[in-house]
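S.K.: Contents of upload33.cif (mmCIF, C-alpha atoms and all ligand atoms) are below:
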```cif
data_target
#
loop_
_atom_site.label_atom_id
_atom_site.label_comp_id
_atom_site.auth_asym_id
_atom_site.auth_seq_id
_atom_site.Cartn_x
_atom_site.Cartn_y
_atom_site.Cartn_z
CA MET A 1 -153.53 12.96 -174.24
CA GLU A 2 -149.86 12.01 -174.22
CA ILE A 3 -147.84 11.52 -177.43
CA LYS A 4 -144.31 10.08 -177.56
CA ASN A 5 -142.01 9.53 -180.56
CA ASN A 6 -138.27 9.17 -181.15
CA ASN A 7 -137.67 12.93 -180.90
CA ALA A 8 -140.07 14.27 -178.30
CA SER A 9 -143.09 13.82 -176.04
CA VAL A 10 -146.05 16.10 -175.34
CA LYS A 11 -149.12 16.33 -173.11
CA ILE A 12 -152.21 17.98 -174.63
CA ALA A 13 -155.60 18.60 -172.95
CA LEU A 14 -158.69 18.39 -175.19
CA GLN A 15 -160.03 21.37 -173.26
CA GLY A 16 -158.63 24.37 -175.06
CA ALA A 17 -156.47 22.13 -177.33
CA HIS A 18 -154.01 23.09 -174.63
CA ILE A 19 -150.48 21.69 -174.88
CA TYR A 20 -148.93 21.81 -171.42
CA GLU A 21 -145.74 19.77 -171.80
CA TYR A 22 -143.17 19.57 -174.63
CA LYS A 23 -139.98 17.61 -173.94
CA ARG A 24 -137.38 16.89 -176.58
CA LYS A 25 -135.68 13.50 -176.04
CA GLY A 26 -133.35 13.69 -173.04
CA GLU A 27 -134.25 17.32 -172.30
CA GLU A 28 -136.31 19.20 -169.73
CA ASP A 29 -139.80 20.52 -170.53
CA LEU A 30 -139.45 23.68 -172.69
CA LEU A 31 -142.83 24.89 -171.40
CA TRP A 32 -143.63 26.12 -167.91
CA LEU A 33 -146.60 24.69 -166.03
CA SER A 34 -147.78 25.91 -162.64
CA ASP A 35 -147.73 23.05 -160.15
CA ILE A 36 -150.94 24.44 -158.66
CA SER A 37 -152.70 24.73 -162.02
CA ASP A 38 -156.39 23.87 -162.22
CA PHE A 39 -157.24 20.92 -164.41
CA GLU A 40 -160.93 21.64 -163.97
CA GLU A 41 -163.53 21.91 -166.71
CA GLY A 42 -164.12 25.55 -167.61
CA LYS A 43 -160.87 26.78 -166.06
CA ALA A 44 -157.79 27.50 -168.22
CA ILE A 45 -154.65 25.52 -167.37
CA ARG A 46 -151.99 27.90 -165.99
CA GLY A 47 -148.97 27.46 -168.25
CA GLY A 48 -148.13 25.55 -171.43
CA ILE A 49 -149.59 27.26 -174.50
CA PRO A 50 -153.15 28.57 -173.91
CA ILE A 51 -155.01 29.45 -177.11
CA CYS A 52 -156.47 32.95 -176.91
CA TRP A 53 -159.31 33.05 -179.51
CA PRO A 54 -161.43 34.74 -180.97
CA SER A 55 -160.12 37.61 -178.85
CA PHE A 56 -156.74 38.46 -177.37
CA GLY A 57 -156.89 40.08 -173.90
CA MET A 58 -159.93 42.33 -173.89
CA ASN A 59 -159.59 43.24 -177.59
CA ASN A 60 -163.27 42.19 -177.80
CA ALA A 61 -164.74 43.52 -174.57
CA SER A 62 -167.95 41.50 -175.08
CA LEU A 63 -165.97 38.26 -174.59
CA PRO A 64 -164.14 36.79 -171.59
CA GLN A 65 -160.44 37.77 -171.21
CA HIS A 66 -158.57 35.92 -174.00
CA GLY A 67 -161.82 34.59 -175.53
CA PHE A 68 -163.51 31.21 -175.01
CA ALA A 69 -161.39 28.67 -176.97
CA ARG A 70 -159.09 27.88 -174.01
CA THR A 71 -162.07 26.65 -171.92
CA SER A 72 -163.92 24.87 -174.75
CA MET A 73 -163.79 21.12 -175.42
CA PHE A 74 -162.09 20.35 -178.77
CA GLU A 75 -162.75 17.23 -180.82
CA HIS A 76 -159.81 14.91 -181.54
CA ILE A 77 -159.80 14.48 -185.34
CA TYR A 78 -156.66 12.40 -185.79
CA THR A 79 -153.18 11.49 -184.61
CA LYS A 80 -150.83 10.56 -187.46
CA GLU A 81 -147.29 9.08 -187.33
CA ILE A 82 -145.50 10.99 -190.12
CA ASP A 83 -142.30 9.09 -189.32
CA VAL A 84 -140.66 7.56 -186.22
CA GLY A 85 -139.74 11.02 -184.99
CA THR A 86 -142.70 13.13 -186.15
CA THR A 87 -146.34 12.97 -185.07
CA GLN A 88 -149.25 15.19 -186.14
CA VAL A 89 -152.33 15.78 -183.97
CA LEU A 90 -155.38 17.65 -185.28
CA LEU A 91 -157.96 19.02 -182.83
CA ARG A 92 -161.09 20.96 -183.85
CA LEU A 93 -163.62 23.34 -182.32
CA ALA A 94 -166.78 24.14 -184.29
CA ASP A 95 -169.42 26.68 -183.29
CA ASN A 96 -172.16 25.43 -180.99
CA ALA A 97 -175.06 26.86 -178.98
CA SER A 98 -172.78 28.12 -176.18
CA THR A 99 -170.18 29.68 -178.48
CA ARG A 100 -172.91 31.34 -180.57
CA LYS A 101 -174.38 32.82 -177.38
CA LEU A 102 -171.01 34.47 -176.72
CA TRP A 103 -170.03 35.19 -180.34
CA ASN A 104 -172.74 34.76 -182.96
CA HIS A 105 -170.68 33.34 -185.83
CA LYS A 106 -170.31 29.97 -187.57
CA PHE A 107 -166.69 28.87 -187.64
CA GLU A 108 -164.23 25.99 -187.56
CA LEU A 109 -161.07 26.35 -185.49
CA ASP A 110 -158.41 23.74 -186.27
CA VAL A 111 -155.28 23.28 -184.15
CA MET A 112 -152.57 21.20 -185.84
CA PHE A 113 -149.62 20.13 -183.69
CA THR A 114 -146.52 18.78 -185.43
CA ILE A 115 -144.39 17.16 -182.73
CA SER A 116 -140.73 16.46 -183.42
CA SER A 117 -137.37 18.01 -182.44
CA THR A 118 -139.28 21.18 -183.23
CA LEU A 119 -142.84 21.90 -182.11
CA LYS A 120 -145.08 23.51 -184.71
CA ILE A 121 -148.57 24.75 -183.85
CA GLU A 122 -150.95 25.97 -186.60
CA LEU A 123 -154.16 27.70 -185.55
CA LYS A 124 -156.51 27.82 -188.55
CA THR A 125 -159.74 29.84 -188.39
CA THR A 126 -162.32 29.20 -191.15
CA ASN A 127 -165.37 31.42 -191.55
CA LEU A 128 -168.38 29.13 -192.20
CA ASP A 129 -170.81 32.03 -191.88
CA THR A 130 -172.47 34.27 -194.44
CA LYS A 131 -170.91 37.46 -193.05
CA ASP A 132 -167.34 38.64 -192.34
CA PHE A 133 -165.97 38.34 -188.85
CA THR A 134 -162.90 39.79 -187.15
CA ILE A 135 -160.66 37.98 -184.69
CA THR A 136 -157.66 38.72 -182.53
CA GLN A 137 -155.74 35.73 -181.14
CA ALA A 138 -152.52 34.49 -179.56
CA LEU A 139 -150.58 31.33 -178.83
CA HIS A 140 -149.88 32.42 -175.25
CA SER A 141 -146.70 30.40 -174.71
CA TYR A 142 -145.25 30.11 -171.18
CA PHE A 143 -141.53 29.24 -171.48
CA SER A 144 -139.66 27.63 -168.59
CA ILE A 145 -136.51 29.59 -167.60
CA SER A 146 -133.78 29.29 -164.96
CA ASP A 147 -134.47 32.78 -163.55
CA ILE A 148 -136.13 35.87 -165.03
CA ARG A 149 -132.96 37.86 -164.36
CA ASN A 150 -130.88 35.53 -166.55
CA ILE A 151 -132.79 35.87 -169.80
CA LYS A 152 -132.38 37.97 -172.96
CA ILE A 153 -134.99 38.18 -175.73
CA LYS A 154 -133.63 39.06 -179.17
CA GLY A 155 -135.40 39.87 -182.46
CA LEU A 156 -137.64 42.72 -181.32
CA GLU A 157 -135.04 45.50 -181.40
CA ASN A 158 -136.29 48.75 -182.98
CA LYS A 159 -139.91 47.48 -183.01
CA LEU A 160 -142.78 49.73 -181.95
CA TYR A 161 -144.65 48.36 -178.94
CA PHE A 162 -147.72 49.16 -176.83
CA ASP A 163 -146.85 49.10 -173.12
CA ALA A 164 -150.08 47.68 -171.63
CA LEU A 165 -149.06 48.91 -168.16
CA GLN A 166 -148.48 52.55 -169.16
CA GLU A 167 -151.01 52.33 -172.03
CA LYS A 168 -148.53 54.14 -174.28
CA ASN A 169 -146.49 53.33 -177.40
CA PHE A 170 -142.68 53.18 -177.33
CA LEU A 171 -139.78 51.99 -179.53
CA GLN A 172 -137.83 48.96 -178.30
CA LYS A 173 -134.25 50.01 -177.78
CA GLY A 174 -131.88 47.04 -177.83
CA ILE A 175 -132.51 43.49 -176.65
CA ILE A 176 -135.13 42.76 -173.97
CA GLU A 177 -134.08 42.08 -170.37
CA ILE A 178 -136.74 41.97 -167.65
CA ASN A 179 -136.37 43.41 -164.14
CA GLU A 180 -139.94 44.56 -163.37
CA GLU A 181 -143.52 43.83 -164.42
CA PHE A 182 -143.45 43.64 -168.20
CA ASP A 183 -146.46 43.55 -170.56
CA ASN A 184 -145.60 44.75 -174.09
CA VAL A 185 -147.36 44.13 -177.41
CA TYR A 186 -144.88 44.45 -180.29
CA GLN A 187 -146.10 45.27 -183.80
CA GLU A 188 -144.38 44.58 -187.20
CA ALA A 189 -142.64 41.68 -185.42
CA ASN A 190 -141.79 39.26 -188.20
CA GLU A 191 -138.19 38.29 -187.54
CA GLU A 192 -137.22 35.13 -185.68
CA ILE A 193 -137.22 35.65 -181.91
CA VAL A 194 -134.56 34.07 -179.71
CA LEU A 195 -135.03 33.49 -175.97
CA GLU A 196 -131.58 33.15 -174.41
CA ASP A 197 -131.34 31.67 -170.92
CA ASN A 198 -127.65 31.29 -170.04
CA SER A 199 -126.44 28.72 -172.62
CA LYS A 200 -129.98 27.61 -173.62
CA LYS A 201 -131.51 29.19 -176.75
CA VAL A 202 -135.16 28.80 -177.85
CA HIS A 203 -135.95 29.98 -181.39
CA LEU A 204 -139.47 31.13 -182.35
CA LYS A 205 -140.50 31.48 -185.97
CA SER A 206 -144.05 32.69 -186.64
CA LEU A 207 -146.26 32.85 -189.75
CA GLY A 208 -149.53 34.73 -190.24
CA SER A 209 -148.65 37.04 -187.36
CA SER A 210 -146.91 40.38 -187.04
CA SER A 211 -147.54 41.01 -183.34
CA VAL A 212 -145.78 39.46 -180.37
CA VAL A 213 -146.62 39.85 -176.69
CA VAL A 214 -143.89 39.61 -174.04
CA TRP A 215 -145.22 39.27 -170.50
CA ASN A 216 -143.98 38.68 -167.00
CA PRO A 217 -146.18 39.61 -164.01
CA TRP A 218 -143.26 40.21 -161.58
CA VAL A 219 -143.88 40.25 -157.83
CA GLU A 220 -147.08 42.19 -157.18
CA LYS A 221 -149.17 41.00 -160.15
CA THR A 222 -148.17 37.36 -159.48
CA LYS A 223 -149.89 37.64 -156.09
CA ARG A 224 -153.13 38.52 -157.94
CA MET A 225 -152.86 35.78 -160.58
CA SER A 226 -154.88 32.55 -160.29
CA ALA A 227 -152.95 29.27 -159.89
CA MET A 228 -149.58 30.95 -159.42
CA LYS A 229 -147.28 30.71 -156.40
CA GLU A 230 -145.58 33.88 -155.18
CA ASP A 231 -142.19 33.04 -156.69
CA ASP A 232 -143.48 31.64 -159.98
CA TYR A 233 -142.68 34.84 -161.90
CA LYS A 234 -138.99 33.92 -161.60
CA ASN A 235 -139.38 30.74 -163.62
CA PHE A 236 -141.34 31.67 -166.72
CA VAL A 237 -141.63 34.28 -169.43
CA CYS A 238 -144.49 34.48 -171.94
CA ILE A 239 -143.56 35.16 -175.58
CA GLU A 240 -146.86 35.06 -177.42
CA THR A 241 -147.23 34.72 -181.18
CA ALA A 242 -150.31 36.84 -181.87
CA ASN A 243 -152.69 38.74 -184.09
CA ALA A 244 -153.39 41.38 -181.42
CA PHE A 245 -154.62 45.02 -181.48
CA GLU A 246 -153.90 46.53 -184.94
CA ASP A 247 -152.80 43.09 -186.18
CA PHE A 248 -156.43 41.83 -186.08
CA LYS A 249 -157.66 39.58 -188.90
CA LEU A 250 -160.90 40.10 -190.84
CA ILE A 251 -162.02 36.77 -192.33
CA LYS A 252 -164.60 36.65 -195.13
CA PRO A 253 -167.14 33.82 -195.58
CA LYS A 254 -165.47 30.57 -196.73
CA GLU A 255 -162.01 32.07 -196.14
CA SER A 256 -159.42 31.06 -193.54
CA HIS A 257 -156.48 32.53 -191.67
CA THR A 258 -153.68 30.51 -190.07
CA LEU A 259 -151.49 31.75 -187.23
CA SER A 260 -148.51 29.50 -186.61
CA VAL A 261 -145.40 29.24 -184.51
CA GLU A 262 -142.44 26.89 -184.79
CA ILE A 263 -140.46 26.40 -181.56
CA ARG A 264 -136.97 24.86 -181.63
O1 LIG B 1 -150.67 38.23 -172.52
C1 LIG B 1 -150.47 39.00 -171.37
C2 LIG B 1 -151.77 39.05 -170.59
O2 LIG B 1 -152.78 39.68 -171.31
C3 LIG B 1 -151.47 39.74 -169.27
O3 LIG B 1 -151.95 41.06 -169.26
C4 LIG B 1 -152.14 38.84 -168.24
O4 LIG B 1 -153.50 39.18 -168.09
C5 LIG B 1 -151.91 37.49 -168.89
O5 LIG B 1 -152.23 37.72 -170.27
C6 LIG B 1 -152.61 36.33 -168.27
O6 LIG B 1 -153.96 36.40 -168.49
P1 LIG B 1 -154.89 35.18 -167.92
O7 LIG B 1 -156.28 35.55 -168.34
O8 LIG B 1 -154.40 33.94 -168.59
O9 LIG B 1 -154.66 35.13 -166.45
#
```
Can the structure from this file be put into structure tokens for me?
M.R.:
Amino acid sequence: MEIKNNNASVKIALQGAHIYEYKRKGEEDLLWLSDISDFEEGKAIRGGIPICWPSFGMNNASLPQHGFARTSMFEHIYTKEIDVGTTQVLLRLADNASTRKLWNHKFELDVMFTISSTLKIELKTTNLDTKDFTITQALHSYFSISDIRNIKIKGLENKLYFDALQEKNFLQKGIIEINEEFDNVYQEANEEIVLEDNSKKVHLKSLGSSSVVVWNPWVEKTKRMSAMKEDDYKNFVCIETANAFEDFKLIKPKESHTLSVEIR
């Protein structure tokens, strides 16, 4: 579905409640989308903001990588004009026979998009079951950049991180610049993050999350990634607002947890 208002326009697929374009009026798309991405049922779109749920990565080894939400069909609940420059879209996934086969819990997963000169995404998990369940999750945002060598990521200085490539913990010294394959999961990350790309600045404010993943596959891994061209690593960086690893969430019956990010 495509939504336009006085401040911005977006494209959202019902599969995965997957936003894959966000353009503020008169500006380029803030999100990166592979131009060889699959738009096939059951295959995640490569780019935009995939929703990793109820598992980030292989945090739950009994589920597919990044869980099943991103390849599930969501129901469109409503689109609401808040004002001429703000639109809200609510999409919902409830448990069904195929989700229960993978993950035997009753749940409701609501994705609320608030589209304006900022983009807010709220991912609300409600436990409709009679027993607790634990989730890890991420809004796996692919940001469009001029060139990976031009960017700086600020706001994660002095944070502990798990280097998924070396499988070891380190302390982030200084701002992040990327010149090789990069796959770090930062913990206690609750300050605003700023992606600087030459004169362009993208600000990320998260709620309900204290872990952030920063990922770029660089040359070799890009060759092994689906729906990515060899040079694609140069034009995106993923900064993912998450509840990953130790930042998992245990949700009791009738309770909810909301992970949200505001992008401006
Ligand atoms: O968030 C980083 C990551 O876990 C990387 O390790 C890489 O696997 C990436 O996600 C993409 O995963 P995908 O399943 O979308 O190809």
S.K.: As a PDB file with C-alpha atoms, in the coordinates of the input, please: every protein or nucleic acid residue near ligand LIG 1 (chain B) (cut-off 6 Å, counting all atoms listed in the file).
M.R.:
```pdb
ATOM      1  CA  GLY A  57    -156.890  40.080-173.900  1.00  0.00           C
ATOM      2  CA  GLN A  65    -160.440  37.770-171.210  1.00  0.00           C
ATOM      3  CA  TRP A 215    -145.220  39.270-170.500  1.00  0.00           C
TER       4      TRP A 215
END
```
S.K.: Hey, can you check how far CA of Ile3 (chain A) sits from CA of Ser34 (chain A)?
M.R.: 20.6 Å
S.K.: So that I can check the surroundings of Ser62 (chain A), please list as a list in words every protein, DNA and RNA residue that reaches within 10 Å of it, counting only C-alpha atoms and ignoring chain neighbours fewer than 6 positions away.
M.R.: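 With the cut-off at 10 Å, the set is Ser55, Leu102 and Trp103 of chain A.
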S.K.: Please indicate the distance in Å from CA of Glu188 (chain A) to CA of Ser211 (chain A), rounded to one decimal place.
M.R.: 6.1 Å
S.K.: As an NGL selection string, please: the residues near Val261 (chain A) (cut-off 10 Å, all atoms listed in the file, same-chain neighbours under 4 positions excluded).
M.R.: :A and (119-123 or 139 or 141 or 203-209 or 240-242)
S.K.: If we count all atoms listed in the file and set the cut-off at 7 Å, which residues sit around region 155-170 of chain A, ignoring sequence neighbours fewer than 6 positions away in its own chain? Please answer as a ChimeraX atom specification.
M.R.: /A:183-189,191-194
S.K.: Grab the residues selected above and save them as a short mmCIF file (atom, residue, chain, number, x, y, z; two decimals), in the coordinates of the input with C-alpha atoms.
M.R.:
```cif
data_model
loop_
_atom_site.label_atom_id
_atom_site.label_comp_id
_atom_site.auth_asym_id
_atom_site.auth_seq_id
_atom_site.Cartn_x
_atom_site.Cartn_y
_atom_site.Cartn_z
CA ASP A 183 -146.46 43.55 -170.56
CA ASN A 184 -145.60 44.75 -174.09
CA VAL A 185 -147.36 44.13 -177.41
CA TYR A 186 -144.88 44.45 -180.29
CA GLN A 187 -146.10 45.27 -183.80
CA GLU A 188 -144.38 44.58 -187.20
CA ALA A 189 -142.64 41.68 -185.42
CA GLU A 191 -138.19 38.29 -187.54
CA GLU A 192 -137.22 35.13 -185.68
CA ILE A 193 -137.22 35.65 -181.91
CA VAL A 194 -134.56 34.07 -179.71
#
```
S.K.: Ranking A:Met58, A:Val212, A:Leu171, A:Cys238 by minimum distance to Asn190 (chain A) and counting all atoms listed in the file, which one comes first?
M.R.: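 With all atoms listed in the file as the atom set, the closest residue is A:Val212.
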S.K.: Write out as a PyMOL selection string each polymer residue whose atoms come within 7 Å of Trp32 (chain A), counting all atoms listed in the file; drop sequence neighbours fewer than 6 positions from it.
M.R.: chain A and resi 47-48+142-144+236
S.K.: Please, what is the axis-aligned box for every listed atom of region 213-230 of chain A with 4 Å on each side, as centre and edge lengths in Å to one decimal, as lines of an AutoDock Vina configuration file?
M.R.:
```
center_x = -149.1
center_y = 35.7
center_z = -165.9
size_x = 19.6
size_y = 20.9
size_z = 29.5
```
S.K.: Kindly indicate which residue among A:Asn216, A:Thr86, A:Gly67, A:Ile49 lies nearest to Ser9 (chain A), using only C-alpha atoms for the distances.
M.R.: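 Among the listed residues, the smallest separation from Ser9 (chain A) belongs to A:Thr86.
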S.K.: May I ask which of the residues A:Phe248, A:Tyr78, A:Phe68, A:Phe56 is the closest one to Thr114 (chain A), counting all atoms listed in the file?
M.R.: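 So, comparing all the options, the nearest one is A:Tyr78.
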S.K.: Leaving out region 195-197 of chain A and any residue of its chain fewer than 5 positions from it, which residues lie within 6 Å of it when counting only C-alpha atoms, given as a PyMOL selection string?
M.R.: chain A and resi 150-153+202
